[in-house]
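Raw run.csv, CSV, C-alpha atoms and all ligand atoms:
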chain,number,residue,atom,x,y,z
A,1496,MET,CA,-18.7,-10.5,-29.9
A,1497,ARG,CA,-18.2,-9.6,-26.3
A,1498,ARG,CA,-21.5,-9.2,-24.4
A,1499,LEU,CA,-21.6,-6.0,-22.4
A,1500,PRO,CA,-22.9,-6.3,-18.8
A,1501,VAL,CA,-26.5,-5.3,-18.3
A,1502,HIS,CA,-27.5,-2.6,-15.8
A,1503,GLY,CA,-27.7,-3.9,-12.3
A,1504,ALA,CA,-24.8,-6.2,-12.9
A,1505,THR,CA,-22.4,-6.1,-10.0
A,1506,ALA,CA,-18.9,-7.5,-9.3
A,1507,SER,CA,-16.7,-7.4,-6.3
A,1508,ALA,CA,-13.0,-8.0,-5.6
A,1509,PHE,CA,-10.7,-8.0,-2.6
A,1510,ALA,CA,-7.3,-6.3,-2.5
A,1511,PRO,CA,-5.0,-6.4,0.6
A,1512,ALA,CA,-3.5,-3.4,2.4
A,1513,LYS,CA,0.3,-3.3,2.6
A,1514,VAL,CA,3.2,-2.3,4.8
A,1515,ILE,CA,6.6,-1.3,3.7
A,1516,LEU,CA,8.8,-3.4,6.0
A,1517,LEU,CA,12.1,-1.9,4.9
A,1518,GLY,CA,13.3,0.8,2.5
A,1519,GLU,CA,10.6,3.5,2.2
A,1520,HIS,CA,12.0,6.8,0.8
A,1521,THR,CA,15.3,5.4,-0.3
A,1522,VAL,CA,13.5,3.2,-2.8
A,1523,VAL,CA,12.7,6.4,-4.7
A,1524,TYR,CA,16.5,6.8,-5.2
A,1525,GLY,CA,17.1,3.3,-6.6
A,1526,GLU,CA,17.7,1.5,-3.4
A,1527,PRO,CA,15.8,-1.8,-2.7
A,1528,ALA,CA,12.7,-2.1,-0.5
A,1529,VAL,CA,10.8,-5.0,1.1
A,1530,ALA,CA,7.0,-4.6,1.2
A,1531,ALA,CA,4.3,-7.0,2.2
A,1532,ALA,CA,0.5,-7.5,1.7
A,1533,LEU,CA,-1.4,-7.7,4.9
A,1534,ASP,CA,-4.1,-10.2,5.7
A,1535,ARG,CA,-6.6,-7.4,5.7
A,1536,GLY,CA,-7.6,-4.9,3.2
A,1537,LEU,CA,-10.4,-3.5,1.0
A,1538,ARG,CA,-13.4,-5.1,-0.8
A,1539,VAL,CA,-14.4,-3.0,-3.8
A,1540,THR,CA,-17.9,-3.6,-5.3
A,1541,VAL,CA,-18.8,-2.0,-8.6
A,1542,THR,CA,-22.4,-1.9,-9.9
A,1543,LEU,CA,-23.5,-0.7,-13.3
A,1544,ALA,CA,-26.4,1.8,-13.2
A,1545,ALA,CA,-28.9,2.1,-16.0
A,1546,ALA,CA,-27.9,4.4,-18.9
A,1547,ALA,CA,-30.7,6.8,-17.7
A,1548,GLU,CA,-29.0,7.0,-14.3
A,1549,ARG,CA,-25.7,8.4,-15.7
A,1550,GLU,CA,-24.2,10.8,-13.1
A,1551,PRO,CA,-23.7,14.2,-14.6
A,1552,ARG,CA,-20.2,15.3,-13.6
A,1553,GLU,CA,-21.4,18.3,-11.5
A,1554,GLN,CA,-23.9,16.1,-9.6
A,1555,SER,CA,-21.9,13.0,-9.0
A,1556,GLY,CA,-21.0,13.9,-5.4
A,1557,ARG,CA,-17.8,12.0,-5.8
A,1558,ASP,CA,-14.6,13.7,-5.0
A,1559,GLU,CA,-12.6,14.9,-8.0
A,1560,ARG,CA,-9.9,12.3,-7.8
A,1561,GLU,CA,-12.2,9.4,-7.2
A,1562,ARG,CA,-14.3,10.4,-10.3
A,1563,ALA,CA,-11.1,10.7,-12.4
A,1564,VAL,CA,-10.0,7.3,-11.2
A,1565,VAL,CA,-13.3,5.6,-11.9
A,1566,GLU,CA,-13.5,7.1,-15.3
A,1567,LEU,CA,-10.0,6.2,-16.2
A,1568,ALA,CA,-10.4,2.6,-15.1
A,1569,ALA,CA,-13.9,2.1,-16.5
A,1570,ALA,CA,-12.8,3.4,-20.0
A,1571,ARG,CA,-10.1,0.7,-20.1
A,1572,PHE,CA,-12.9,-1.9,-19.9
A,1573,GLY,CA,-15.1,-0.2,-22.4
A,1574,LEU,CA,-17.5,0.9,-19.6
A,1575,ASP,CA,-19.1,4.3,-19.1
A,1576,GLY,CA,-17.6,5.6,-15.8
A,1577,ALA,CA,-20.6,7.8,-15.1
A,1578,ARG,CA,-22.7,4.6,-14.8
A,1579,VAL,CA,-20.3,2.8,-12.5
A,1580,ARG,CA,-21.2,3.0,-8.8
A,1581,VAL,CA,-18.4,2.0,-6.4
A,1582,GLU,CA,-18.7,0.8,-2.8
A,1583,VAL,CA,-15.6,0.2,-0.7
A,1584,GLN,CA,-15.5,-1.7,2.6
A,1585,SER,CA,-12.2,-1.7,4.5
A,1586,ASP,CA,-10.9,-3.3,7.6
A,1587,VAL,CA,-7.8,-1.1,7.7
A,1588,PRO,CA,-7.7,2.7,8.4
A,1589,MET,CA,-7.9,4.6,5.0
A,1590,GLY,CA,-5.3,7.2,4.1
A,1591,ALA,CA,-3.0,6.1,6.9
A,1592,GLY,CA,-0.1,4.9,4.8
A,1593,LEU,CA,-1.3,1.3,4.6
A,1594,GLY,CA,-1.7,1.3,0.9
A,1595,SER,CA,-5.5,1.9,0.8
A,1596,SER,CA,-5.2,3.9,-2.5
A,1597,ALA,CA,-3.1,1.1,-4.1
A,1598,ALA,CA,-5.7,-1.4,-2.8
A,1599,LEU,CA,-8.5,0.7,-4.1
A,1600,GLY,CA,-6.8,0.7,-7.5
A,1601,VAL,CA,-6.1,-3.0,-7.6
A,1602,GLY,CA,-9.5,-3.9,-6.3
A,1603,LEU,CA,-11.3,-1.5,-8.7
A,1604,VAL,CA,-9.3,-3.0,-11.7
A,1605,ARG,CA,-10.2,-6.5,-10.6
A,1606,ALA,CA,-13.8,-5.8,-10.0
A,1607,LEU,CA,-14.3,-3.9,-13.3
A,1608,GLY,CA,-12.5,-6.7,-15.1
A,1609,ALA,CA,-15.0,-9.1,-13.6
A,1610,LEU,CA,-18.0,-6.8,-14.4
A,1611,ALA,CA,-16.9,-6.3,-18.0
A,1612,ARG,CA,-16.0,-10.0,-18.3
A,1613,ARG,CA,-12.5,-8.9,-19.4
A,1614,PRO,CA,-10.1,-9.5,-16.5
A,1615,LEU,CA,-6.7,-8.1,-17.3
A,1616,ALA,CA,-3.5,-10.2,-17.1
A,1617,ALA,CA,-1.7,-9.5,-13.8
A,1618,ALA,CA,1.0,-7.3,-15.3
A,1619,GLN,CA,-1.6,-5.1,-17.2
A,1620,ALA,CA,-3.8,-4.9,-14.1
A,1621,ALA,CA,-0.8,-3.8,-12.0
A,1622,ALA,CA,0.1,-1.2,-14.6
A,1623,LEU,CA,-3.4,0.3,-14.6
A,1624,ALA,CA,-3.5,0.2,-10.8
A,1625,ALA,CA,-0.2,2.1,-10.8
A,1626,GLU,CA,-1.7,4.8,-13.0
A,1627,ILE,CA,-4.6,5.1,-10.6
A,1628,ASP,CA,-2.2,5.4,-7.6
A,1629,CYS,CA,-0.5,8.3,-9.5
A,1630,VAL,CA,-3.8,10.2,-9.6
A,1631,PHE,CA,-3.9,10.0,-5.7
A,1632,HIS,CA,-0.2,10.5,-5.0
A,1633,GLY,CA,1.6,11.9,-8.0
A,1634,GLN,CA,4.5,10.0,-9.4
A,1635,ALA,CA,5.5,7.2,-7.0
A,1636,SER,CA,8.1,4.4,-7.0
A,1637,GLY,CA,5.4,1.8,-7.5
A,1638,VAL,CA,6.3,-0.2,-4.4
A,1639,ASP,CA,2.8,0.1,-2.9
A,1640,VAL,CA,0.9,-1.2,-6.0
A,1641,ALA,CA,3.5,-4.0,-6.5
A,1642,ALA,CA,3.0,-5.2,-2.9
A,1643,VAL,CA,-0.8,-5.1,-3.0
A,1644,ALA,CA,-0.9,-6.7,-6.5
A,1645,SER,CA,1.4,-9.5,-5.4
A,1646,GLY,CA,-0.5,-10.4,-2.3
A,1647,GLY,CA,2.7,-11.6,-0.7
A,1648,VAL,CA,6.1,-10.3,0.4
A,1649,ILE,CA,8.2,-8.6,-2.3
A,1650,TRP,CA,11.7,-7.3,-3.0
A,1651,PHE,CA,11.3,-4.2,-5.0
A,1652,GLU,CA,13.8,-2.1,-6.9
A,1653,ARG,CA,13.4,0.7,-9.2
A,1654,PHE,CA,16.2,1.2,-11.8
A,1655,GLY,CA,14.3,2.7,-14.7
A,1656,GLU,CA,11.8,-0.2,-15.1
A,1657,PRO,CA,10.7,-1.4,-11.6
A,1658,GLN,CA,11.9,-4.9,-10.7
A,1659,CYS,CA,9.8,-6.9,-8.3
A,1660,ALA,CA,10.4,-10.5,-7.0
A,1661,PRO,CA,8.5,-12.5,-4.4
A,1662,ILE,CA,10.4,-13.3,-1.1
A,1663,ALA,CA,9.7,-16.7,0.5
A,1664,LEU,CA,9.8,-16.3,4.3
A,1665,ALA,CA,11.1,-18.9,6.6
A,1666,GLN,CA,7.8,-18.6,8.4
A,1667,PRO,CA,4.9,-16.1,8.4
A,1668,LEU,CA,5.7,-13.0,10.5
A,1669,GLU,CA,3.6,-11.4,13.2
A,1670,LEU,CA,3.4,-7.7,13.2
A,1671,VAL,CA,1.5,-5.0,15.1
A,1672,VAL,CA,0.4,-2.1,13.0
A,1673,GLY,CA,-0.4,1.2,14.8
A,1674,SER,CA,-2.1,4.2,13.3
A,1675,SER,CA,-1.0,7.6,14.6
A,1676,GLY,CA,-4.2,9.3,13.5
A,1677,GLU,CA,-2.0,12.2,12.2
A,1678,PRO,CA,-3.0,13.3,8.7
A,1679,ARG,CA,-0.4,12.5,6.1
A,1680,SER,CA,0.4,12.6,2.5
A,1681,THR,CA,3.0,10.7,0.4
A,1682,ALA,CA,4.0,13.7,-1.6
A,1683,GLY,CA,4.9,16.0,1.3
A,1684,PRO,CA,7.6,14.0,3.0
A,1685,VAL,CA,9.0,12.8,-0.4
A,1686,ALA,CA,9.4,16.4,-1.5
A,1687,ARG,CA,11.0,17.5,1.8
A,1688,LEU,CA,13.6,14.7,1.6
A,1689,ARG,CA,14.2,15.7,-2.0
A,1690,ALA,CA,15.0,19.2,-1.0
A,1691,ARG,CA,17.4,18.1,1.7
A,1692,ARG,CA,19.2,15.8,-0.7
A,1693,GLU,CA,19.5,18.6,-3.2
A,1694,ALA,CA,21.1,20.8,-0.6
A,1695,GLN,CA,23.6,18.1,0.4
A,1696,PRO,CA,23.7,15.4,-2.3
A,1697,ARG,CA,27.0,13.7,-1.3
A,1698,ILE,CA,25.9,13.1,2.3
A,1699,TYR,CA,22.4,12.1,1.4
A,1700,ASP,CA,23.4,9.7,-1.4
A,1701,ALA,CA,25.9,8.0,1.0
A,1702,THR,CA,23.1,7.7,3.6
A,1703,PHE,CA,20.8,6.2,0.9
A,1704,ARG,CA,23.4,3.6,0.1
A,1705,LEU,CA,23.7,2.8,3.8
A,1706,ALA,CA,20.0,2.3,4.1
A,1707,GLY,CA,20.1,0.1,1.0
A,1708,GLU,CA,22.7,-2.1,2.8
A,1709,LEU,CA,20.4,-2.3,5.8
A,1710,VAL,CA,17.5,-3.4,3.6
A,1711,ARG,CA,19.7,-6.2,2.1
A,1712,ALA,CA,20.7,-7.3,5.6
A,1713,GLY,CA,17.0,-7.2,6.7
A,1714,ARG,CA,15.9,-9.2,3.7
A,1715,ASP,CA,18.6,-11.9,4.5
A,1716,ALA,CA,17.3,-12.0,8.1
A,1717,LEU,CA,13.8,-12.4,6.9
A,1718,VAL,CA,14.6,-15.3,4.6
A,1719,ARG,CA,16.5,-17.2,7.3
A,1720,GLY,CA,13.8,-16.5,9.9
A,1721,ASP,CA,16.1,-14.5,12.2
A,1722,ALA,CA,13.5,-12.2,13.8
A,1723,GLU,CA,16.0,-10.6,16.2
A,1724,ALA,CA,18.3,-9.5,13.4
A,1725,LEU,CA,15.3,-8.3,11.4
A,1726,GLY,CA,14.1,-6.2,14.4
A,1727,ALA,CA,17.5,-4.7,14.8
A,1728,THR,CA,17.6,-3.7,11.2
A,1729,MET,CA,14.1,-2.1,11.4
A,1730,ASP,CA,15.3,-0.1,14.4
A,1731,ALA,CA,18.4,1.1,12.5
A,1732,LEU,CA,16.3,2.1,9.5
A,1733,GLN,CA,14.0,4.0,11.8
A,1734,GLY,CA,17.0,6.0,13.0
A,1735,VAL,CA,17.8,6.8,9.4
A,1736,LEU,CA,14.2,7.8,8.6
A,1737,ASN,CA,14.1,10.0,11.7
A,1738,GLY,CA,17.3,11.6,10.5
A,1739,PHE,CA,15.6,12.3,7.2
A,1740,GLY,CA,13.0,14.3,9.1
A,1741,VAL,CA,10.1,12.1,8.0
A,1742,SER,CA,9.2,10.8,11.5
A,1743,THR,CA,7.1,12.7,14.0
A,1744,PRO,CA,7.1,13.0,17.8
A,1745,THR,CA,3.9,10.9,17.9
A,1746,LEU,CA,5.4,8.1,15.7
A,1747,GLU,CA,8.5,8.1,17.9
A,1748,ARG,CA,6.3,7.8,21.0
A,1749,MET,CA,4.5,4.8,19.5
A,1750,ILE,CA,7.7,3.2,18.4
A,1751,HIS,CA,9.1,3.6,21.9
A,1752,ALA,CA,5.9,2.1,23.5
A,1753,ALA,CA,6.1,-0.9,21.1
A,1754,ARG,CA,9.7,-1.6,21.9
A,1755,SER,CA,9.1,-1.2,25.6
A,1756,ALA,CA,6.3,-3.8,25.4
A,1757,GLY,CA,8.7,-6.3,23.9
A,1758,ALA,CA,8.7,-5.7,20.1
A,1759,LEU,CA,12.0,-6.9,18.5
A,1760,GLY,CA,12.0,-3.8,16.3
A,1761,ALA,CA,9.7,-1.0,15.3
A,1762,LYS,CA,9.6,1.7,12.7
A,1763,LEU,CA,7.3,4.0,10.7
A,1764,THR,CA,5.9,2.5,7.5
A,1765,GLY,CA,5.2,4.4,4.3
A,1766,ALA,CA,6.0,8.0,3.8
A,1767,GLY,CA,5.8,9.1,7.5
A,1768,GLY,CA,5.0,12.6,8.5
A,1769,GLY,CA,2.1,10.9,10.4
A,1770,GLY,CA,0.4,7.8,9.2
A,1771,ALA,CA,1.3,4.4,10.6
A,1772,MET,CA,4.1,2.4,12.3
A,1773,ILE,CA,4.8,-1.3,12.5
A,1774,ALA,CA,6.4,-3.4,15.2
A,1775,LEU,CA,7.9,-6.9,14.8
A,1776,ALA,CA,6.3,-8.8,17.7
A,1777,PRO,CA,6.4,-12.6,17.2
A,1778,GLY,CA,4.4,-14.1,20.1
A,1779,ARG,CA,3.8,-10.7,21.7
A,1780,THR,CA,1.3,-9.0,19.4
A,1781,ALA,CA,-1.4,-8.8,22.1
A,1782,GLU,CA,1.0,-7.0,24.6
A,1783,VAL,CA,2.4,-4.6,21.9
A,1784,ALA,CA,-1.1,-3.8,20.5
A,1785,ALA,CA,-2.3,-3.2,24.1
A,1786,ALA,CA,0.6,-0.9,24.9
A,1787,LEU,CA,-0.2,1.2,21.8
A,1788,ARG,CA,-4.0,1.3,22.6
A,1789,ALA,CA,-3.1,2.3,26.2
A,1790,GLU,CA,-1.4,5.4,24.7
A,1791,GLY,CA,-4.6,6.1,22.8
A,1792,PHE,CA,-3.7,4.8,19.3
A,1793,ASP,CA,-5.5,2.3,17.0
A,1794,ALA,CA,-3.5,-0.9,16.7
A,1795,PHE,CA,-4.1,-4.3,15.2
A,1796,ALA,CA,-2.1,-7.5,14.8
A,1797,ALA,CA,-1.4,-8.7,11.2
A,1798,THR,CA,0.5,-11.6,9.7
A,1799,ILE,CA,2.6,-11.3,6.6
A,1800,GLY,CA,3.8,-14.1,4.3
A,1801,ARG,CA,0.8,-16.4,4.6
A,1802,ALA,CA,-0.4,-17.8,1.3
A,1803,ALA,CA,-4.0,-17.0,2.2
A,1804,ALA,CA,-3.6,-13.3,1.3
A,1805,ALA,CA,-2.6,-14.2,-2.2
A,1806,GLU,CA,-5.5,-16.7,-2.6
A,1807,GLU,CA,-8.0,-14.1,-1.4
A,1808,VAL,CA,-6.6,-11.6,-3.8
A,1809,ASP,CA,-7.4,-13.8,-6.8
A,1810,HIS,CA,-10.9,-14.1,-5.7
A,1811,ALA,CA,-13.3,-12.0,-7.7
A,1812,ARG,CA,-17.0,-12.8,-8.0
A,1813,ILE,CA,-19.7,-11.5,-10.2
A,1814,GLU,CA,-23.4,-11.6,-9.8
A,1815,ARG,CA,-26.0,-10.7,-12.3
A,1816,ARG,CA,-29.1,-9.2,-10.8
A,1817,ALA,CA,-30.9,-8.0,-13.9
A,1901,LIG,O1,2.3,6.1,0.1
A,1901,LIG,P1,3.1,5.5,1.2
A,1901,LIG,O2,2.9,6.2,2.5
A,1901,LIG,O3,3.0,4.0,1.3
A,1901,LIG,O4,4.6,5.8,0.9
A,1901,LIG,C1,5.2,5.3,-0.3
A,1901,LIG,C2,6.6,5.0,-0.1
A,1901,LIG,C3,7.6,6.1,-0.4
A,1901,LIG,O5,8.9,5.4,-0.5
A,1901,LIG,C4,7.8,7.1,0.7
A,1901,LIG,C5,7.3,6.8,-1.7
A,1901,LIG,C6,7.5,6.0,-3.0
A,1901,LIG,O6,7.0,6.5,-4.0
A,1901,LIG,O7,8.0,4.9,-2.9
Let me see whether you can do it: turn the structure in this file into structure tokens.
Amino acid sequence: MRRLPVHGATASAFAPAKVILLGEHTVVYGEPAVAAALDRGLRVTVTLAAAAEREPREQSGRDERERAVVELAAARFGLDGARVRVEVQSDVPMGAGLGSSAALGVGLVRALGALARRPLAAAQAAALAAEIDCVFHGQASGVDVAAVASGGVIWFERFGEPQCAPIALAQPLELVVGSSGEPRSTAGPVARLRARREAQPRIYDATFRLAGELVRAGRDALVRGDAEALGATMDALQGVLNGFGVSTPTLERMIHAARSAGALGAKLTGAGGGGAMIALAPGRTAEVAAALRAEGFDAFAATIGRAAAAEEVDHARIERRA
């Protein structure tokens, strides 16, 4: 029989943040996307409180969605969600379109699996993390969770059942990630683009296909290590995203600043309408990050496609204190 964890038991797991390199929004309409785990992210620590310390719903102090998520996930591991305390440490801005909710889901599922001594197989863990992401964002394409769960760089397509395959890079890629500080949501820009498409389906569907072609060209450049071609593709996709109405004057200003400081390409990442942008800046991350900071934005350098992110993801540890 499986031994249940005793109170005071604690477990912790890391899950990386993510960027969508190519293909946000059009991925919702069946076109491909390329997304990548960052070499930073969230550490989720779960601790089992004593039965006498169950949090009554009305006193839990947790926000509604967080409580729903913890209860949903804990129940899958046979644990009482009202006894699970969750602590999150992050070295990326939360709620900025860098996959923090997907990382919270993946980290929570891994940490709870370790706490309950019942780690889920990768596919089941990703499915549960996708359910959790839905609580935060409503129905999504699944690209965020797939990238976070993979720990690497992925090709993602959604035709009915999502398809996800790892992409091997010619070499790790240096990016700068800039946060606009503008509040954002995933659902808002997705709904606005849907309304535009419904008004002019022929034009939008043709543009979605064009974006899909750009994503394929970008993937090919990524695989052969052609940073200039990849940067040009990122710029072209940014033009499309701006045309969809999901960029903002602030993001445009940041993208312009990054290109002027020597980035080979720059675009918003994620749903837009605020949130974050990325710049491809091999050998120039310090200059590009400094240019963004000089404009008053938070910016950090990140590397994608290094095996270390995936190793760190697999790391989950458990300590028994009781
Ligand atoms: O949640 P975000 O900001 O990473 O955006 C998700 C990407 C979208 O393509 C805009 C939506 C989706 O469901 O794929």
Closest atom pairs, residues of chain A within 7 Å of ligand LIG 1901 (chain A), all atoms listed in the file, as a tab-separated table:
residue	atom	partner	partner_atom	distance
A:Ile1515	CA	A:LIG1901	O3	6.8
A:Glu1519	CA	A:LIG1901	O5	3.7
A:His1520	CA	A:LIG1901	O5	3.6
A:Thr1521	CA	A:LIG1901	O5	6.4
A:Val1522	CA	A:LIG1901	O5	5.6
A:Val1523	CA	A:LIG1901	O7	5.3
A:Gly1592	CA	A:LIG1901	O2	4.0
A:Leu1593	CA	A:LIG1901	O3	6.1
A:Gly1594	CA	A:LIG1901	O3	5.4
A:Gln1634	CA	A:LIG1901	O6	6.9
A:Ala1635	CA	A:LIG1901	O6	3.4
A:Ser1636	CA	A:LIG1901	O6	3.8
A:Gly1637	CA	A:LIG1901	O6	6.1
A:Val1638	CA	A:LIG1901	O7	5.6
A:Asp1639	CA	A:LIG1901	O3	5.7
A:Ser1680	CA	A:LIG1901	O2	6.9
A:Thr1681	CA	A:LIG1901	O1	4.7
A:Val1685	CA	A:LIG1901	C4	5.9
A:Thr1764	CA	A:LIG1901	O2	6.9
A:Gly1765	CA	A:LIG1901	O2	3.4
A:Ala1766	CA	A:LIG1901	C4	3.7
A:Gly1767	CA	A:LIG1901	O2	6.5
Could you give me, as a VMD selection string, the residues within 6 Å of Ala1508 in chain A, counting only C-alpha atoms and dropping anything in the same chain fewer than 4 positions from it?
chain A and resid 1538 to 1539 1602 1605 to 1606 1811
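In this model, the gap between CA of Leu1533 in chain A and CA of Arg1679 in chain A comes to 20.3 Å.
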Mind giving me the straight-line distance from CA of Arg1801 in chain A to CA of Ile1662 in chain A in Å, one decimal?
11.6 Å
Nearest residue to Ser1755 in chain A from the set A:Leu1736, A:Val1581, A:Ala1597, A:Ala1785 (distances using all atoms listed in the file)
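Selected residue with least distance to Ser1755 in chain A: A:Ala1785.
Atom pair CA of Leu1709 in chain A / CA of Thr1728 in chain A: separated by 6.2 Å.
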With a distance cut-off of 10 Å and all atoms listed in the file, select the neighbouring residues of Ala1789 in chain A, excluding the residue or stretch itself and same-chain residues fewer than 5 positions from it, and output the selection as number ranges by chain.
A: 1752, 1783-1784
At a cut-off of 10 Å, using all atoms listed in the file, what residues contact Arg1779 in chain A? Leave out same-chain residues fewer than 2 positions from it and give the result as a PyMOL selection string.
chain A and resi 1669-1671+1756-1759+1775-1777+1781-1785+1796
Between A:Gly1573, A:Gly1778, A:Gly1726, A:Gly1720, which is the closest to Arg1754 in chain A once you count only C-alpha atoms?
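Of A:Gly1573, A:Gly1778, A:Gly1726, A:Gly1720, the one nearest Arg1754 in chain A, counting only C-alpha atoms, is A:Gly1726.
For range 1540-1549 of chain A, the set of protein, DNA and RNA residues having any atom at most 7 Å away, when counting all atoms listed in the file and skipping those fewer than 2 positions along the same chain, is A:His1502, A:Gly1503, A:Ala1504, A:Thr1505, A:Ala1506, A:Ser1507, A:Ala1508, A:Arg1538, A:Pro1551, A:Ala1577, A:Arg1578, A:Val1579, A:Arg1580, A:Val1581, A:Glu1582, A:Val1583, A:Ala1606, A:Leu1607.
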Any idea what's packed within 6 Å of Ala1528 in chain A, counting only C-alpha atoms, ignoring anything in its chain fewer than 5 positions away? Could you give it as an MDAnalysis selection string?
chainID A and resid 1517:1518 1522 1650:1651
Using C-alpha atoms, can you export the residues from the last selection as a PDB file, in the coordinates of the input?
ATOM      1  CA  LEU A1517      12.100  -1.900   4.900  1.00  0.00           C
ATOM      2  CA  GLY A1518      13.300   0.800   2.500  1.00  0.00           C
ATOM      3  CA  VAL A1522      13.500   3.200  -2.800  1.00  0.00           C
ATOM      4  CA  TRP A1650      11.700  -7.300  -3.000  1.00  0.00           C
ATOM      5  CA  PHE A1651      11.300  -4.200  -5.000  1.00  0.00           C
TER       6      PHE A1651
END
Hey, which of A:Ala1716, A:Cys1629, A:Ala1563, A:Ala1690 ends up closest to Gln1666 in chain A? Count all atoms listed in the file.
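Smallest separation from Gln1666 in chain A among the options: A:Ala1716.
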Cut-off 12 Å around (-8.3, -3.3, -16.4) with all atoms listed in the file: residues as a PyMOL selection string:
chain A and resi 1564-1574+1600-1627
Considering all atoms listed in the file, can you say which of A:Met1589, A:Arg1711, A:Leu1537, A:Met1772 comes closest to Thr1745 in chain A?
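Smallest distance to Thr1745 in chain A is found for A:Met1772.
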Under the rule that all atoms listed in the file are counted, which of A:Ser1675, A:Thr1780, A:Thr1702, A:Gln1733 is the nearest residue to Leu1763 in chain A?
A:Gln1733
